[in-house]
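For reference, input_24.cif is printed below; it contains mmCIF, C-alpha atoms.
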data_my_file
#
loop_
_atom_site.group_PDB
_atom_site.id
_atom_site.type_symbol
_atom_site.label_atom_id
_atom_site.label_comp_id
_atom_site.auth_asym_id
_atom_site.auth_seq_id
_atom_site.Cartn_x
_atom_site.Cartn_y
_atom_site.Cartn_z
ATOM 1 C CA MET C 1 37.168 32.171 10.147
ATOM 2 C CA GLN C 2 39.394 29.096 10.186
ATOM 3 C CA SER C 3 37.434 27.498 13.052
ATOM 4 C CA TRP C 4 34.180 28.128 11.128
ATOM 5 C CA ILE C 5 35.587 26.339 8.068
ATOM 6 C CA ARG C 6 36.792 23.424 10.228
ATOM 7 C CA SER C 7 33.405 23.061 11.962
ATOM 8 C CA GLY C 8 31.620 23.153 8.579
ATOM 9 C CA GLY C 9 33.993 20.486 7.282
ATOM 10 C CA ILE C 10 33.295 18.294 10.291
ATOM 11 C CA ARG C 11 29.531 18.674 9.799
ATOM 12 C CA SER C 12 29.666 17.794 6.108
ATOM 13 C CA SER C 13 32.057 14.878 6.669
ATOM 14 C CA GLY C 14 29.680 13.603 9.358
ATOM 15 C CA THR C 15 26.822 13.751 6.867
ATOM 16 C CA PHE C 16 28.951 11.990 4.273
ATOM 17 C CA CYS C 17 29.944 9.248 6.759
ATOM 18 C CA THR C 18 26.315 8.772 7.777
ATOM 19 C CA GLY C 19 25.336 8.361 4.118
ATOM 20 C CA VAL C 20 28.096 5.826 3.501
ATOM 21 C CA ALA C 21 27.132 3.910 6.638
ATOM 22 C CA LEU C 22 23.488 3.766 5.526
ATOM 23 C CA MET C 23 24.497 2.451 2.093
ATOM 24 C CA VAL C 24 26.692 -0.259 3.654
ATOM 25 C CA VAL C 25 23.916 -1.334 6.044
ATOM 26 C CA THR C 26 21.450 -1.452 3.145
ATOM 27 C CA LEU C 27 23.799 -3.592 1.057
ATOM 28 C CA PHE C 28 24.427 -6.082 3.844
ATOM 29 C CA SER C 29 20.787 -6.251 4.972
ATOM 30 C CA TRP C 30 19.468 -7.078 1.488
ATOM 31 C CA SER C 31 18.768 -10.706 0.708
ATOM 32 C CA SER C 32 17.436 -12.167 -2.489
ATOM 33 C CA PRO C 33 13.927 -13.617 -2.425
ATOM 34 C CA LEU C 34 13.727 -17.369 -2.174
ATOM 35 C CA THR C 35 12.120 -19.174 -5.077
ATOM 36 C CA GLY C 36 8.677 -20.464 -4.207
ATOM 37 C CA THR C 37 8.038 -18.232 -1.208
ATOM 38 C CA PRO C 38 4.398 -17.165 -0.825
ATOM 39 C CA ASN C 39 5.087 -13.518 -1.667
ATOM 40 C CA SER C 40 8.109 -13.800 -3.936
ATOM 41 C CA THR C 41 8.852 -10.818 -6.107
ATOM 42 C CA THR C 42 10.702 -12.484 -8.966
ATOM 43 C CA ALA C 43 7.864 -11.823 -11.426
ATOM 44 C CA THR C 44 7.005 -8.218 -12.062
ATOM 45 C CA ALA C 45 4.163 -6.307 -13.635
ATOM 46 C CA THR C 46 5.502 -5.427 -17.060
ATOM 47 C CA SER C 47 2.799 -3.086 -18.249
ATOM 48 C CA VAL C 48 -0.138 -1.250 -16.795
ATOM 49 C CA ASP C 49 -2.713 0.615 -18.796
ATOM 50 C CA GLU C 50 -6.181 1.886 -18.013
ATOM 51 C CA ASN C 51 -7.772 -1.559 -18.405
ATOM 52 C CA SER C 52 -5.250 -4.313 -17.853
ATOM 53 C CA ILE C 53 -2.033 -5.524 -16.283
ATOM 54 C CA THR C 54 0.343 -7.981 -17.887
ATOM 55 C CA VAL C 55 2.475 -10.064 -15.560
ATOM 56 C CA SER C 56 5.680 -11.588 -16.883
ATOM 57 C CA ASP C 57 6.137 -15.338 -16.594
ATOM 58 C CA ASN C 58 9.151 -15.875 -14.371
ATOM 59 C CA ILE C 59 9.820 -18.466 -11.685
ATOM 60 C CA SER C 60 7.003 -17.391 -9.370
ATOM 61 C CA GLN C 61 4.085 -14.980 -9.496
ATOM 62 C CA PRO C 62 3.831 -12.012 -7.123
ATOM 63 C CA ARG C 63 0.850 -10.990 -5.088
ATOM 64 C CA TRP C 64 -0.749 -7.721 -6.122
ATOM 65 C CA ILE C 65 -3.925 -5.767 -5.455
ATOM 66 C CA GLU C 66 -6.143 -4.172 -8.081
ATOM 67 C CA ILE C 67 -8.621 -1.482 -7.061
ATOM 68 C CA ASP C 68 -11.229 -0.623 -9.692
ATOM 69 C CA LEU C 69 -12.971 2.575 -8.612
ATOM 70 C CA SER C 70 -15.581 2.468 -11.398
ATOM 71 C CA GLU C 71 -16.783 -0.897 -10.058
ATOM 72 C CA GLN C 72 -15.984 -0.090 -6.389
ATOM 73 C CA ARG C 73 -14.195 -3.447 -6.251
ATOM 74 C CA LEU C 74 -10.864 -4.686 -4.932
ATOM 75 C CA ARG C 75 -9.276 -7.812 -6.378
ATOM 76 C CA ALA C 76 -6.279 -9.592 -4.896
ATOM 77 C CA TRP C 77 -4.163 -11.606 -7.311
ATOM 78 C CA GLU C 78 -1.355 -14.121 -7.247
ATOM 79 C CA GLY C 79 -0.009 -13.568 -10.732
ATOM 80 C CA ASN C 80 -3.062 -14.133 -12.969
ATOM 81 C CA LYS C 81 -5.002 -16.151 -10.370
ATOM 82 C CA LEU C 82 -7.780 -14.283 -8.544
ATOM 83 C CA VAL C 83 -7.582 -14.864 -4.780
ATOM 84 C CA TYR C 84 -10.079 -12.327 -3.347
ATOM 85 C CA SER C 85 -12.733 -10.057 -4.848
ATOM 86 C CA TYR C 86 -14.422 -7.600 -2.473
ATOM 87 C CA ARG C 87 -16.787 -4.637 -2.736
ATOM 88 C CA ILE C 88 -15.185 -1.462 -1.402
ATOM 89 C CA SER C 89 -15.996 2.133 -0.617
ATOM 90 C CA GLY C 90 -13.485 4.426 -2.271
ATOM 91 C CA GLY C 91 -13.190 8.180 -2.003
ATOM 92 C CA LYS C 92 -16.071 10.554 -2.621
ATOM 93 C CA ARG C 93 -15.909 12.996 -5.550
ATOM 94 C CA ALA C 94 -14.653 15.757 -3.207
ATOM 95 C CA THR C 95 -12.026 13.463 -1.622
ATOM 96 C CA PRO C 96 -10.967 10.999 -4.340
ATOM 97 C CA THR C 97 -8.774 7.939 -4.012
ATOM 98 C CA PRO C 98 -5.459 8.498 -5.840
ATOM 99 C CA ILE C 99 -5.028 6.722 -9.192
ATOM 100 C CA GLY C 100 -1.773 4.948 -10.080
ATOM 101 C CA ARG C 101 0.699 2.257 -9.098
ATOM 102 C CA PHE C 102 1.774 2.127 -5.467
ATOM 103 C CA ARG C 103 3.229 -0.308 -2.946
ATOM 104 C CA ILE C 104 2.034 -1.062 0.554
ATOM 105 C CA ASN C 105 4.535 0.841 2.656
ATOM 106 C CA SER C 106 3.298 0.117 6.187
ATOM 107 C CA LYS C 107 0.758 -2.055 7.984
ATOM 108 C CA TYR C 108 -0.992 -1.501 11.329
ATOM 109 C CA ARG C 109 -3.321 -3.960 13.031
ATOM 110 C CA ILE C 110 -5.099 -1.018 14.740
ATOM 111 C CA ASN C 111 -4.610 2.638 13.852
ATOM 112 C CA ARG C 112 -6.194 6.016 14.642
ATOM 113 C CA MET C 113 -7.061 7.959 11.499
ATOM 114 C CA ARG C 114 -7.506 11.738 11.608
ATOM 115 C CA GLY C 115 -8.096 14.312 8.962
ATOM 116 C CA ARG C 116 -10.315 17.177 7.973
ATOM 117 C CA GLY C 117 -13.807 16.176 9.070
ATOM 118 C CA TYR C 118 -12.962 12.828 10.703
ATOM 119 C CA ASN C 119 -11.190 11.350 13.712
ATOM 120 C CA ILE C 120 -11.685 7.588 13.956
ATOM 121 C CA PRO C 121 -10.039 5.475 16.673
ATOM 122 C CA ASP C 122 -9.150 1.799 16.327
ATOM 123 C CA VAL C 123 -9.301 1.537 12.530
ATOM 124 C CA PRO C 124 -8.625 -2.165 11.903
ATOM 125 C CA TYR C 125 -6.204 -3.776 9.431
ATOM 126 C CA THR C 126 -4.724 -0.597 7.963
ATOM 127 C CA MET C 127 -2.298 -0.854 5.033
ATOM 128 C CA TYR C 128 -0.937 2.479 3.785
ATOM 129 C CA PHE C 129 -0.067 2.604 0.095
ATOM 130 C CA TYR C 130 0.399 6.337 -0.630
ATOM 131 C CA ARG C 131 0.913 9.172 1.858
ATOM 132 C CA GLY C 132 -2.135 9.103 4.175
ATOM 133 C CA TYR C 133 -4.156 6.802 1.891
ATOM 134 C CA ALA C 134 -4.776 3.251 3.025
ATOM 135 C CA ILE C 135 -6.765 0.091 2.512
ATOM 136 C CA HIS C 136 -8.508 -0.677 5.815
ATOM 137 C CA GLY C 137 -11.502 -2.124 7.579
ATOM 138 C CA ALA C 138 -14.481 0.141 8.269
ATOM 139 C CA TYR C 139 -16.754 -0.684 11.215
ATOM 140 C CA TRP C 140 -18.601 2.677 11.064
ATOM 141 C CA HIS C 141 -20.583 2.123 7.870
ATOM 142 C CA ASN C 142 -22.058 -0.621 5.707
ATOM 143 C CA ARG C 143 -22.253 1.230 2.371
ATOM 144 C CA PHE C 144 -19.707 -0.864 0.474
ATOM 145 C CA GLY C 145 -20.072 -0.485 -3.263
ATOM 146 C CA THR C 146 -20.588 3.279 -2.839
ATOM 147 C CA PRO C 147 -17.827 5.947 -2.667
ATOM 148 C CA VAL C 148 -18.124 7.377 0.859
ATOM 149 C CA SER C 149 -14.555 7.671 2.174
ATOM 150 C CA HIS C 150 -12.122 10.574 2.432
ATOM 151 C CA GLY C 151 -9.899 8.846 -0.157
ATOM 152 C CA CYS C 152 -9.024 5.585 1.571
ATOM 153 C CA VAL C 153 -10.264 2.199 0.393
ATOM 154 C CA ASN C 154 -12.789 0.852 2.944
ATOM 155 C CA LEU C 155 -13.566 -2.853 3.333
ATOM 156 C CA PRO C 156 -15.794 -4.776 5.737
ATOM 157 C CA VAL C 157 -13.646 -5.685 8.753
ATOM 158 C CA LYS C 158 -13.605 -9.442 8.096
ATOM 159 C CA GLN C 159 -12.492 -8.943 4.506
ATOM 160 C CA ALA C 160 -9.897 -6.352 5.547
ATOM 161 C CA ARG C 161 -8.461 -8.937 7.973
ATOM 162 C CA ASN C 162 -8.177 -11.540 5.193
ATOM 163 C CA LEU C 163 -6.409 -9.073 2.903
ATOM 164 C CA TYR C 164 -4.159 -7.774 5.718
ATOM 165 C CA ASN C 165 -3.001 -11.321 6.504
ATOM 166 C CA TRP C 166 -2.490 -12.128 2.805
ATOM 167 C CA ALA C 167 -0.578 -8.989 1.723
ATOM 168 C CA SER C 168 2.797 -7.829 2.914
ATOM 169 C CA THR C 169 4.744 -4.594 2.914
ATOM 170 C CA GLY C 170 5.860 -3.997 -0.663
ATOM 171 C CA THR C 171 2.813 -5.591 -2.295
ATOM 172 C CA LEU C 172 1.887 -3.767 -5.508
ATOM 173 C CA VAL C 173 -1.376 -1.794 -5.413
ATOM 174 C CA VAL C 174 -2.827 -0.665 -8.760
ATOM 175 C CA VAL C 175 -5.678 1.847 -8.506
ATOM 176 C CA ARG C 176 -7.648 2.692 -11.644
ATOM 177 C CA LYS C 177 -10.889 4.430 -12.570
#

Please lay out the structure from this file as structure tokens.
Amino acid sequence: MQSWIRSGGIRSSGTFCTGVALMVVTLFSWSSPLTGTPNSTTATATSVDENSITVSDNISQPRWIEIDLSEQRLRAWEGNKLVYSYRISGGKRATPTPIGRFRINSKYRINRMRGRGYNIPDVPYTMYFYRGYAIHGAYWHNRFGTPVSHGCVNLPVKQARNLYNWASTGTLVVVRK
């Protein structure tokens, strides 16, 4: 019994030490954004409703992406300045694009996408923003402006490349109806 208690104590102290080590690494790896950098995050979206976003006026304006599913349009913004406006293909009625506020959490130049009813190799300029949902280029169709995807946000490849090069991990993505 005593050896079981000791081994349990070692396991839990190992978990505790791992957690402390991760917190210390996180603290020391964090650096504040530099003022004036192209994708500075010192200004934040202060309110989001069904029709608009208000951006606070701080030192610099962040980059963010707005996806309007009713218009099938993606807009890329630097603060209140429109940078890109592209027609998209969002999710079909049976496989809708999620609504809400998200952040780009990973980017892949080329990616294989698989799911129920599809298996597409070499999907270009993929930027995941929520679970398996991404903004990406689509070389397999030319029906932009019409919802045809399994929930992702499809762009023509050239436009997806522009957006991929402009956005970074952490960029705000606001999806609305």

Written as a PyMOL selection string, what is the full residue list that the PyMOL selection byres ((chain C and resi 170) around 9) yields on the file shown?
chain C and resi 102-106+129+167-169+171-173

Let me have the centre and edge lengths in Å, one decimal, of the box along x, y and z around every listed atom of region 135-147 of chain C with 8 Å of margin on each side, as AutoDock Vina command-line options.
--center_x -14.5 --center_y 1.9 --center_z 4.0 --size_x 31.5 --size_y 24.1 --size_z 30.5

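Atom to atom, CA of Tyr139 (chain C) and CA of Lys81 (chain C) stand 29.0 Å apart.
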
Provide the CA of Trp166 (chain C) to CA of His141 (chain C) distance in Å, to one decimal place.
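Taking CA of Trp166 (chain C) and CA of His141 (chain C), their separation equals 23.6 Å.
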
Between CA of Trp77 (chain C) and CA of Asp122 (chain C), distance in Å (one decimal):
27.6 Å

Which residue out of C:Val175, C:Leu155, C:Thr95, C:Asn162 has the minimum interatomic distance to Arg143 (chain C) when only C-alpha atoms are used?
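Nearest to Arg143 (chain C): C:Leu155.
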